[in-house]
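Novice: Would you mind keeping the following structure in view while I ask a few things?
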Amino acid sequence: MERSKIAVLKFGGSVLINDESCMRVIHEVYRYFRKGYRVLAVVSALENETDRLIEEAAAITGPRESSFLPFLLATGEEKTATLLAMGLERVGLKTQLAHPYSLSLKVNGPGLDAKPTGVNLGHLQNLLGANDVVVVPGFVGIDEANNLAVMGRGGTDLTALFLAQRLQASVCRLIKDVDGVFESDPNLSKKRLKRYNTIHWDEVQSVAKVLVQPKATLFSKEQRFEFEVAGFGKKQATTVGPYPSDLQVYSPSPPLRVGLLGLGNVGGGIYRHLTSLTDLFSIEKVVVKHAGKKRDITVPKDIFSTQTETLFDQPLDLLIECIGGTEPATFLIETALELGIDVVTANKEILAKSGDRLEELTFKTGARLFSSAAVGGGAPILEGVKTLTENNGIKQVDAVLNGTCNFILDKVAAGKSFDQALKQAQDLGFAEADPSLDIEGWDAAFKIQIISYLAFGVFLDVRKIPVEGITSLEEEQIRAVVKNGKAYRLIASCKLENGEVKARVRPEIIPSHYFLAGARNETCRAILTPEMGDPVYLSGKGAGCWPTSEAVIADVLDIYRLRSDQEIIKNVPEYPPKGAGSYLRN
Ligand code: HSE
């Protein structure tokens, strides 16, 4: 995906309360990343952290203010930025942490109330070009004497606006604990308040001077650079700029009623995410295969069941399928779609075998079927294929699509036995419940079938794809090629040749410096060759609870936004569909 657009997202102390809220921040970053933006995340300290640090300082300095106070206060932002970078790395995003010193983020004025004056823009642009996300601690800059100085209360707003303006970012969004700028603070009012769709800089100064730092608003006005104020995960925002104020009645959407199928590696991750998003989702039912299985999650008894027939006993808006296998999952997805319930699944086997039929159902009932996590885990491979198909047209895809095989090949090359490596991949939650699907190449075959349907609109019979897994390789064979500067990779390919779509999966020996050989451990990589223009290279963590559940949650949040847009009224699309593979086109 060509990532030319930049989104600057600012997260303040009020949204960074604890680890759970850190996950919410990651969802928001991932949302823009998968839409094709390079993301600059600017973060402030955890709520109350700055006050705590001021108290700590006072315990030493008494009423006198130390010239080193900005150094101490800066640790609050550094801590959050570091924790966020760790979380982003866990979901597989290529992340860079950039300190104000490394960015030469210069300020002048009083040490506790400074103003930004300059930044090494070339360096910042390079960092954004080389990474998916750059995390910057807000509030802090470097003064003329090369000491740290801070930009006053709410100063992270100013850091975000300053950097967004210098970068000429397409989006600058300040994410708050309220859904935009209201006529008064909604956290202090019980009545239903009106919200601004747009508001002029001058008015925001008087209406929301606590919500948005006045110095930041002034900077935005001076630079004629508009910004948005929004709540977490929301589509709608208040745009602050040269606009007349537009105040509207605001009714937040009720939480979506969710049924969750499966509580394994990915399902468990989803359950944890949903329980930290109770303002957006209410879990109505959790159905699992085995009641007695040991889990580190406790689900309330009244919503827990092993009986799949109870799944639709209560109204649902959304079904999240993580139970795996083809049955009963296919039947339950079909039933949900027939009932008009939206479905999110990462089940590649079902899509590769029945995706065309399920797609037909979505066109008949208007229910949505979203499945971005089915291929590539957290790597946005389907998003990349979709973008290229729509813009340039695709000629060929070559990819490493199975994290387990890739992990095993790397570990065996490094000296482990095949069985030890497989066991480790299972322990890390990379492998399928039946790992023969991974090592025999079928998981990769399902994924390349899904890609070729999206790219070429042809629904291949997956049983007819020539498939060879890594079980045909001897351990010594895998080690020997490494000594020659090469590597084995399980390559899945599909191409359009003389009007015919061909796909295959097989282990191949490739030079170590090739892009696909550079996929390490559970990483997935894909090279998309367009009809015209340069190839597109995609990479990310392809297996494991965190990357996969992040991609599933991204679909779930997209559905929340779409439904809140349409006030739960379904827009039934035309049938039969115009282009095939449209269930993958969310
Ligand atoms: N078993 C799969 C893999 C999980 O290893 O890639 C992600 O689809």
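Naming works like this for the structure tokens: A, B, ... for the chains as they're shown, residue 1 at the start of each chain, ligands 1 onward in shown order.
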May I ask you to write as an NGL selection string all residues lying at most 10 Å from ligand 1, with only C-alpha atoms and all ligand atoms counted?
Specialist: :A and (266 or 346-349 or 373-378 or 400-408 or 425-426 or 429-439 or 442-444 or 446-447 or 521-524 or 541-545 or 547-548)
Novice: The selected residues should be written to file as a tab-separated table (two decimals), in the first residue's frame (atoms: C-alpha atoms).
Specialist:
chain	number	residue	atom	x	y	z
A	266	VAL	CA	-7.87	-15.34	19.14
A	346	ALA	CA	-10.85	-14.75	10.52
A	347	ASN	CA	-11.74	-18.24	9.31
A	348	LYS	CA	-9.81	-18.68	6.07
A	349	GLU	CA	-10.97	-22.26	5.52
A	373	ALA	CA	-7.77	-10.99	9.63
A	374	ALA	CA	-8.22	-14.14	7.53
A	375	VAL	CA	-5.00	-13.45	5.64
A	376	GLY	CA	-1.80	-12.11	7.15
A	377	GLY	CA	-2.96	-11.58	10.77
A	378	GLY	CA	-2.01	-8.00	11.57
A	400	VAL	CA	4.77	-15.97	2.70
A	401	LEU	CA	1.36	-16.48	4.27
A	402	ASN	CA	1.82	-19.07	7.00
A	403	GLY	CA	3.51	-17.81	10.14
A	404	THR	CA	3.89	-21.29	11.65
A	405	CYS	CA	5.83	-22.70	8.66
A	406	ASN	CA	7.99	-19.62	8.47
A	407	PHE	CA	8.73	-19.85	12.19
A	408	ILE	CA	9.60	-23.56	11.89
A	425	ALA	CA	4.94	-22.45	17.40
A	426	GLN	CA	1.97	-24.18	19.04
A	429	GLY	CA	-0.34	-19.65	19.62
A	430	PHE	CA	0.73	-19.45	15.97
A	431	ALA	CA	-0.41	-22.89	14.77
A	432	GLU	CA	-3.91	-24.00	13.87
A	433	ALA	CA	-5.78	-26.33	16.25
A	434	ASP	CA	-4.86	-29.03	13.71
A	435	PRO	CA	-1.26	-28.04	12.83
A	436	SER	CA	-1.19	-30.35	9.80
A	437	LEU	CA	-3.18	-27.58	8.06
A	438	ASP	CA	-0.12	-25.35	8.55
A	439	ILE	CA	2.74	-27.73	7.80
A	442	TRP	CA	-3.34	-25.95	3.37
A	443	ASP	CA	-3.54	-22.84	5.55
A	444	ALA	CA	-1.44	-20.99	2.94
A	446	PHE	CA	-6.81	-21.14	1.77
A	447	LYS	CA	-5.19	-17.73	2.04
A	521	ASN	CA	9.67	-16.13	12.46
A	522	GLU	CA	5.87	-15.62	12.33
A	523	THR	CA	6.12	-12.66	9.95
A	524	CYS	CA	4.08	-12.76	6.73
A	541	LYS	CA	3.05	-10.33	12.04
A	542	GLY	CA	0.97	-13.05	10.44
A	543	ALA	CA	0.04	-15.21	13.41
A	544	GLY	CA	-0.51	-15.00	17.14
A	545	CYS	CA	-3.19	-13.68	19.43
A	547	PRO	CA	-1.83	-9.21	15.75
A	548	THR	CA	-4.78	-11.37	14.72
Novice: Please return, as a PDB file with all heavy atoms, in the first residue's frame, all residues of region 250-317 of chain A that DSSP assigns to strand (DSSP E) on the basis of the backbone.
Specialist:
ATOM      1  N   LEU A 256     -23.279  -2.082  20.404  1.00  0.00           N
ATOM      2  CA  LEU A 256     -23.701  -3.183  19.535  1.00  0.00           C
ATOM      3  C   LEU A 256     -23.784  -4.455  20.375  1.00  0.00           C
ATOM      4  O   LEU A 256     -22.906  -4.725  21.185  1.00  0.00           O
ATOM      5  CB  LEU A 256     -22.693  -3.421  18.410  1.00  0.00           C
ATOM      6  CG  LEU A 256     -22.591  -2.424  17.283  1.00  0.00           C
ATOM      7  CD1 LEU A 256     -21.791  -3.030  16.126  1.00  0.00           C
ATOM      8  CD2 LEU A 256     -23.964  -2.014  16.783  1.00  0.00           C
ATOM      9  N   ARG A 257     -24.828  -5.257  20.099  1.00  0.00           N
ATOM     10  CA  ARG A 257     -25.013  -6.506  20.858  1.00  0.00           C
ATOM     11  C   ARG A 257     -24.249  -7.616  20.140  1.00  0.00           C
ATOM     12  O   ARG A 257     -24.550  -7.945  18.989  1.00  0.00           O
ATOM     13  CB  ARG A 257     -26.502  -6.827  20.953  1.00  0.00           C
ATOM     14  CG  ARG A 257     -27.265  -5.768  21.736  1.00  0.00           C
ATOM     15  CD  ARG A 257     -28.735  -5.809  21.476  1.00  0.00           C
ATOM     16  NE  ARG A 257     -29.062  -5.548  20.085  1.00  0.00           N
ATOM     17  CZ  ARG A 257     -30.299  -5.503  19.595  1.00  0.00           C
ATOM     18  NH1 ARG A 257     -31.319  -5.731  20.390  1.00  0.00           N
ATOM     19  NH2 ARG A 257     -30.521  -5.258  18.328  1.00  0.00           N
ATOM     20  N   VAL A 258     -23.270  -8.176  20.843  1.00  0.00           N
ATOM     21  CA  VAL A 258     -22.320  -9.075  20.185  1.00  0.00           C
ATOM     22  C   VAL A 258     -22.461 -10.510  20.683  1.00  0.00           C
ATOM     23  O   VAL A 258     -22.597 -10.752  21.879  1.00  0.00           O
ATOM     24  CB  VAL A 258     -20.869  -8.605  20.469  1.00  0.00           C
ATOM     25  CG1 VAL A 258     -19.853  -9.567  19.868  1.00  0.00           C
ATOM     26  CG2 VAL A 258     -20.650  -7.200  19.937  1.00  0.00           C
ATOM     27  N   GLY A 259     -22.403 -11.453  19.750  1.00  0.00           N
ATOM     28  CA  GLY A 259     -22.258 -12.870  20.085  1.00  0.00           C
ATOM     29  C   GLY A 259     -20.850 -13.281  19.698  1.00  0.00           C
ATOM     30  O   GLY A 259     -20.396 -12.947  18.608  1.00  0.00           O
ATOM     31  N   LEU A 260     -20.158 -13.982  20.605  1.00  0.00           N
ATOM     32  CA  LEU A 260     -18.780 -14.401  20.320  1.00  0.00           C
ATOM     33  C   LEU A 260     -18.729 -15.923  20.278  1.00  0.00           C
ATOM     34  O   LEU A 260     -19.160 -16.596  21.214  1.00  0.00           O
ATOM     35  CB  LEU A 260     -17.859 -13.865  21.425  1.00  0.00           C
ATOM     36  CG  LEU A 260     -16.386 -14.260  21.356  1.00  0.00           C
ATOM     37  CD1 LEU A 260     -15.720 -13.722  20.087  1.00  0.00           C
ATOM     38  CD2 LEU A 260     -15.636 -13.735  22.584  1.00  0.00           C
ATOM     39  N   LEU A 261     -18.217 -16.431  19.165  1.00  0.00           N
ATOM     40  CA  LEU A 261     -18.099 -17.882  18.999  1.00  0.00           C
ATOM     41  C   LEU A 261     -16.646 -18.257  19.177  1.00  0.00           C
ATOM     42  O   LEU A 261     -15.822 -17.902  18.335  1.00  0.00           O
ATOM     43  CB  LEU A 261     -18.467 -18.239  17.562  1.00  0.00           C
ATOM     44  CG  LEU A 261     -19.805 -18.847  17.237  1.00  0.00           C
ATOM     45  CD1 LEU A 261     -19.857 -19.185  15.761  1.00  0.00           C
ATOM     46  CD2 LEU A 261     -20.094 -20.079  18.072  1.00  0.00           C
ATOM     47  N   PHE A 281     -19.668  -1.919  22.835  1.00  0.00           N
ATOM     48  CA  PHE A 281     -20.152  -3.288  22.614  1.00  0.00           C
ATOM     49  C   PHE A 281     -20.676  -3.890  23.904  1.00  0.00           C
ATOM     50  O   PHE A 281     -20.100  -3.672  24.968  1.00  0.00           O
ATOM     51  CB  PHE A 281     -19.009  -4.176  22.087  1.00  0.00           C
ATOM     52  CG  PHE A 281     -18.388  -3.633  20.828  1.00  0.00           C
ATOM     53  CD1 PHE A 281     -17.166  -2.974  20.871  1.00  0.00           C
ATOM     54  CD2 PHE A 281     -19.040  -3.745  19.607  1.00  0.00           C
ATOM     55  CE1 PHE A 281     -16.605  -2.437  19.719  1.00  0.00           C
ATOM     56  CE2 PHE A 281     -18.480  -3.212  18.453  1.00  0.00           C
ATOM     57  CZ  PHE A 281     -17.266  -2.559  18.505  1.00  0.00           C
ATOM     58  N   SER A 282     -21.759  -4.666  23.752  1.00  0.00           N
ATOM     59  CA  SER A 282     -22.211  -5.417  24.914  1.00  0.00           C
ATOM     60  C   SER A 282     -22.208  -6.901  24.519  1.00  0.00           C
ATOM     61  O   SER A 282     -22.818  -7.291  23.521  1.00  0.00           O
ATOM     62  CB  SER A 282     -23.576  -4.907  25.352  1.00  0.00           C
ATOM     63  OG  SER A 282     -24.553  -5.838  25.125  1.00  0.00           O
ATOM     64  N   ILE A 283     -21.466  -7.698  25.272  1.00  0.00           N
ATOM     65  CA  ILE A 283     -21.347  -9.127  24.932  1.00  0.00           C
ATOM     66  C   ILE A 283     -22.599  -9.834  25.446  1.00  0.00           C
ATOM     67  O   ILE A 283     -22.847  -9.885  26.654  1.00  0.00           O
ATOM     68  CB  ILE A 283     -20.084  -9.760  25.549  1.00  0.00           C
ATOM     69  CG1 ILE A 283     -18.856  -8.911  25.214  1.00  0.00           C
ATOM     70  CG2 ILE A 283     -19.890 -11.189  25.056  1.00  0.00           C
ATOM     71  CD1 ILE A 283     -17.575  -9.373  25.881  1.00  0.00           C
ATOM     72  N   GLU A 284     -23.405 -10.343  24.520  1.00  0.00           N
ATOM     73  CA  GLU A 284     -24.681 -10.954  24.892  1.00  0.00           C
ATOM     74  C   GLU A 284     -24.559 -12.458  25.054  1.00  0.00           C
ATOM     75  O   GLU A 284     -25.312 -13.073  25.802  1.00  0.00           O
ATOM     76  CB  GLU A 284     -25.736 -10.666  23.816  1.00  0.00           C
ATOM     77  CG  GLU A 284     -25.976  -9.191  23.566  1.00  0.00           C
ATOM     78  CD  GLU A 284     -26.691  -8.506  24.706  1.00  0.00           C
ATOM     79  OE1 GLU A 284     -27.622  -9.104  25.262  1.00  0.00           O
ATOM     80  OE2 GLU A 284     -26.305  -7.362  25.053  1.00  0.00           O
ATOM     81  N   LYS A 285     -23.628 -13.071  24.297  1.00  0.00           N
ATOM     82  CA  LYS A 285     -23.508 -14.541  24.372  1.00  0.00           C
ATOM     83  C   LYS A 285     -22.103 -14.956  23.947  1.00  0.00           C
ATOM     84  O   LYS A 285     -21.547 -14.417  22.981  1.00  0.00           O
ATOM     85  CB  LYS A 285     -24.561 -15.156  23.437  1.00  0.00           C
ATOM     86  CG  LYS A 285     -24.644 -16.664  23.391  1.00  0.00           C
ATOM     87  CD  LYS A 285     -24.966 -17.335  24.695  1.00  0.00           C
ATOM     88  CE  LYS A 285     -26.341 -17.418  25.234  1.00  0.00           C
ATOM     89  NZ  LYS A 285     -27.426 -17.921  24.538  1.00  0.00           N
ATOM     90  N   VAL A 286     -21.541 -15.912  24.706  1.00  0.00           N
ATOM     91  CA  VAL A 286     -20.247 -16.509  24.318  1.00  0.00           C
ATOM     92  C   VAL A 286     -20.483 -18.009  24.200  1.00  0.00           C
ATOM     93  O   VAL A 286     -20.937 -18.643  25.159  1.00  0.00           O
ATOM     94  CB  VAL A 286     -19.159 -16.235  25.383  1.00  0.00           C
ATOM     95  CG1 VAL A 286     -17.846 -16.918  24.999  1.00  0.00           C
ATOM     96  CG2 VAL A 286     -18.943 -14.737  25.550  1.00  0.00           C
ATOM     97  N   VAL A 287     -20.246 -18.567  23.024  1.00  0.00           N
ATOM     98  CA  VAL A 287     -20.442 -20.010  22.838  1.00  0.00           C
ATOM     99  C   VAL A 287     -19.096 -20.657  22.528  1.00  0.00           C
ATOM    100  O   VAL A 287     -18.363 -20.189  21.648  1.00  0.00           O
ATOM    101  CB  VAL A 287     -21.460 -20.289  21.696  1.00  0.00           C
ATOM    102  CG1 VAL A 287     -21.596 -21.784  21.456  1.00  0.00           C
ATOM    103  CG2 VAL A 287     -22.822 -19.690  22.027  1.00  0.00           C
ATOM    104  N   PHE A 304     -22.714 -17.537  29.018  1.00  0.00           N
ATOM    105  CA  PHE A 304     -21.772 -18.565  28.548  1.00  0.00           C
ATOM    106  C   PHE A 304     -22.530 -19.844  28.196  1.00  0.00           C
ATOM    107  O   PHE A 304     -23.434 -20.252  28.906  1.00  0.00           O
ATOM    108  CB  PHE A 304     -20.781 -18.833  29.679  1.00  0.00           C
ATOM    109  CG  PHE A 304     -19.675 -19.769  29.307  1.00  0.00           C
ATOM    110  CD1 PHE A 304     -18.605 -19.337  28.540  1.00  0.00           C
ATOM    111  CD2 PHE A 304     -19.713 -21.105  29.721  1.00  0.00           C
ATOM    112  CE1 PHE A 304     -17.572 -20.207  28.198  1.00  0.00           C
ATOM    113  CE2 PHE A 304     -18.682 -21.972  29.380  1.00  0.00           C
ATOM    114  CZ  PHE A 304     -17.619 -21.522  28.623  1.00  0.00           C
ATOM    115  N   SER A 305     -22.152 -20.470  27.078  1.00  0.00           N
ATOM    116  CA  SER A 305     -22.844 -21.706  26.695  1.00  0.00           C
ATOM    117  C   SER A 305     -21.946 -22.581  25.832  1.00  0.00           C
ATOM    118  O   SER A 305     -21.022 -22.101  25.175  1.00  0.00           O
ATOM    119  CB  SER A 305     -24.120 -21.356  25.925  1.00  0.00           C
ATOM    120  OG  SER A 305     -24.729 -22.533  25.470  1.00  0.00           O
TER     121      SER A 305
END
Novice: Tell me, counting only C-alpha atoms, for each residue of region 105-195 of chain A within 10 Å of region 16-32 of chain A, which pair of atoms is nearest and how far apart they are in Å to one decimal, in rows ordered by chain and increasing number, as a tab-separated table.
Specialist:
residue	atom	partner	partner_atom	distance
A:Asp132	CA	A:Tyr30	CA	9.4
A:Val133	CA	A:Val29	CA	7.9
A:Val171	CA	A:Tyr32	CA	9.7
A:Ile175	CA	A:Val25	CA	9.1
A:Lys176	CA	A:Leu16	CA	9.6
A:Asp177	CA	A:Leu16	CA	9.5
Novice: Please provide as a PDB file with all heavy atoms, in the first residue's frame all residues within 8 Å of Ile381 (chain A), with the sequence filter that same-chain residues fewer than 3 positions apart are discarded (counting only C-alpha atoms).
Specialist:
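Final output, saved to part.pdb:
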ATOM      1  N   VAL A 375      -6.298 -13.318   6.329  1.00  0.00           N
ATOM      2  CA  VAL A 375      -5.003 -13.452   5.645  1.00  0.00           C
ATOM      3  C   VAL A 375      -4.014 -12.477   6.264  1.00  0.00           C
ATOM      4  O   VAL A 375      -4.286 -11.278   6.321  1.00  0.00           O
ATOM      5  CB  VAL A 375      -5.147 -13.131   4.135  1.00  0.00           C
ATOM      6  CG1 VAL A 375      -3.796 -13.225   3.436  1.00  0.00           C
ATOM      7  CG2 VAL A 375      -6.145 -14.064   3.480  1.00  0.00           C
ATOM      8  N   GLY A 376      -2.900 -13.005   6.735  1.00  0.00           N
ATOM      9  CA  GLY A 376      -1.804 -12.112   7.154  1.00  0.00           C
ATOM     10  C   GLY A 376      -1.891 -11.604   8.575  1.00  0.00           C
ATOM     11  O   GLY A 376      -1.052 -10.793   8.975  1.00  0.00           O
ATOM     12  N   GLY A 384      -4.174  -4.240   1.129  1.00  0.00           N
ATOM     13  CA  GLY A 384      -3.257  -3.879   0.046  1.00  0.00           C
ATOM     14  C   GLY A 384      -3.736  -4.434  -1.283  1.00  0.00           C
ATOM     15  O   GLY A 384      -3.725  -3.731  -2.304  1.00  0.00           O
ATOM     16  N   VAL A 385      -4.187  -5.687  -1.287  1.00  0.00           N
ATOM     17  CA  VAL A 385      -4.677  -6.308  -2.531  1.00  0.00           C
ATOM     18  C   VAL A 385      -5.898  -5.540  -3.030  1.00  0.00           C
ATOM     19  O   VAL A 385      -6.014  -5.231  -4.219  1.00  0.00           O
ATOM     20  CB  VAL A 385      -5.032  -7.802  -2.287  1.00  0.00           C
ATOM     21  CG1 VAL A 385      -5.707  -8.407  -3.508  1.00  0.00           C
ATOM     22  CG2 VAL A 385      -3.787  -8.589  -1.919  1.00  0.00           C
ATOM     23  N   ALA A 526       4.210 -10.112   1.544  1.00  0.00           N
ATOM     24  CA  ALA A 526       3.621 -10.318   0.220  1.00  0.00           C
ATOM     25  C   ALA A 526       4.191  -9.308  -0.759  1.00  0.00           C
ATOM     26  O   ALA A 526       4.441  -8.155  -0.396  1.00  0.00           O
ATOM     27  CB  ALA A 526       2.102 -10.163   0.304  1.00  0.00           C
ATOM     28  N   LEU A 538       4.448  -5.786   1.252  1.00  0.00           N
ATOM     29  CA  LEU A 538       3.704  -5.716   2.513  1.00  0.00           C
ATOM     30  C   LEU A 538       4.317  -6.672   3.532  1.00  0.00           C
ATOM     31  O   LEU A 538       4.769  -7.765   3.168  1.00  0.00           O
ATOM     32  CB  LEU A 538       2.244  -6.100   2.283  1.00  0.00           C
ATOM     33  CG  LEU A 538       1.462  -5.246   1.288  1.00  0.00           C
ATOM     34  CD1 LEU A 538       0.150  -5.913   0.924  1.00  0.00           C
ATOM     35  CD2 LEU A 538       1.210  -3.862   1.860  1.00  0.00           C
ATOM     36  N   SER A 539       4.278  -6.267   4.786  1.00  0.00           N
ATOM     37  CA  SER A 539       4.905  -7.085   5.827  1.00  0.00           C
ATOM     38  C   SER A 539       4.194  -6.880   7.161  1.00  0.00           C
ATOM     39  O   SER A 539       3.666  -5.795   7.417  1.00  0.00           O
ATOM     40  CB  SER A 539       6.371  -6.639   5.950  1.00  0.00           C
ATOM     41  OG  SER A 539       7.060  -7.422   6.870  1.00  0.00           O
TER      42      SER A 539
END
Novice: List as an NGL selection string the protein and nucleic acid residues near region 267-273 of chain A, meaning an atom at most 8 Å away when only C-alpha atoms are counted, but skip any in the same chain fewer than 2 places from it.
Specialist: :A and (23 or 260-265 or 275-277 or 297 or 321-323 or 545-546 or 549 or 552-553)
Novice: Write the residues of the preceding selection, restricted to C-alpha atoms, as a CSV table (one decimal), in the first residue's frame.
Specialist:
chain,number,residue,atom,x,y,z
A,23,MET,CA,-5.1,-1.1,23.9
A,260,LEU,CA,-18.8,-14.4,20.3
A,261,LEU,CA,-18.1,-17.9,19.0
A,262,GLY,CA,-14.9,-19.4,20.4
A,263,LEU,CA,-12.7,-18.5,23.3
A,264,GLY,CA,-9.4,-19.9,22.1
A,265,ASN,CA,-6.2,-18.0,21.3
A,275,THR,CA,-14.6,-6.0,27.8
A,276,SER,CA,-12.5,-2.9,27.6
A,277,LEU,CA,-14.9,-1.4,25.1
A,297,ILE,CA,-10.8,-15.8,31.2
A,321,GLU,CA,-16.6,-16.1,14.7
A,322,CYS,CA,-13.4,-17.4,16.3
A,323,ILE,CA,-14.4,-21.1,16.8
A,545,CYS,CA,-3.2,-13.7,19.4
A,546,TRP,CA,-2.3,-10.0,19.5
A,549,SER,CA,-7.2,-10.1,17.4
A,552,VAL,CA,-10.5,-8.7,14.0
A,553,ILE,CA,-11.2,-5.8,16.3
Novice: Might you pull out every residue within 6 Å of region 191-208 of chain A, with only C-alpha atoms counted and same-chain residues fewer than 3 positions away left off, and present them as a PyMOL selection string?
Specialist: chain A and resi 181-183+211+214+238-250
Novice: Quick one: pick out all helix (DSSP H, G or I) residues within region 399-553 of chain A from a backbone DSSP run and write them as a ChimeraX atom specification.
Specialist: /A:403-413,418-427,436-439,442-456,462-464,470-472,475-483,545-553
Novice: Between A:Asp555, A:Asp143, A:Asp461, A:Asp157, which residue has the minimum interatomic distance to Glu383 (chain A), considering only C-alpha atoms?
Specialist: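 The shortest atom-to-atom distance to Glu383 (chain A) comes from A:Asp555.
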Novice: Write out as a PyMOL selection string the residues lying within 6 Å of Val39 (chain A), counting only C-alpha atoms and excluding same-chain residues fewer than 5 positions away.
Specialist: chain A and resi 6-8+133
Novice: Have a look at CA of Leu274 (chain A) and CA of Pro380 (chain A) and let me know their distance in Å, one decimal.
Specialist: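 Separating CA of Leu274 (chain A) from CA of Pro380 (chain A) is a distance of 21.5 Å.
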Novice: What are the nearest atom pairs, with distances in Å to one decimal, for all residues of region 53-117 of chain A that come at most 12 Å from region 40-45 of chain A, using only C-alpha atoms, set out by chain and rising residue number as CSV?
Specialist:
residue,atom,partner,partner_atom,distance
A:Leu53,CA,A:Ala45,CA,10.4
A:Leu72,CA,A:Ala45,CA,11.7
A:Leu73,CA,A:Ala45,CA,8.7
A:Ala74,CA,A:Ala45,CA,8.4
A:Thr75,CA,A:Ala45,CA,8.2
A:Gly76,CA,A:Ala45,CA,4.6
A:Glu77,CA,A:Ala45,CA,4.3
A:Glu78,CA,A:Ala45,CA,7.6
A:Lys79,CA,A:Ala45,CA,7.3
A:Thr80,CA,A:Ala45,CA,5.8
A:Ala81,CA,A:Val43,CA,6.1
A:Thr82,CA,A:Val43,CA,9.9
A:Leu83,CA,A:Val43,CA,10.5
A:Leu84,CA,A:Val43,CA,8.7
A:Ala85,CA,A:Ala41,CA,9.5
A:Leu88,CA,A:Ala41,CA,10.8
A:Thr95,CA,A:Leu40,CA,9.9
A:Gln96,CA,A:Leu40,CA,9.7
A:Leu97,CA,A:Ala41,CA,9.6
A:Ala98,CA,A:Leu40,CA,10.0
A:His99,CA,A:Val42,CA,10.9
A:Pro100,CA,A:Val42,CA,11.3
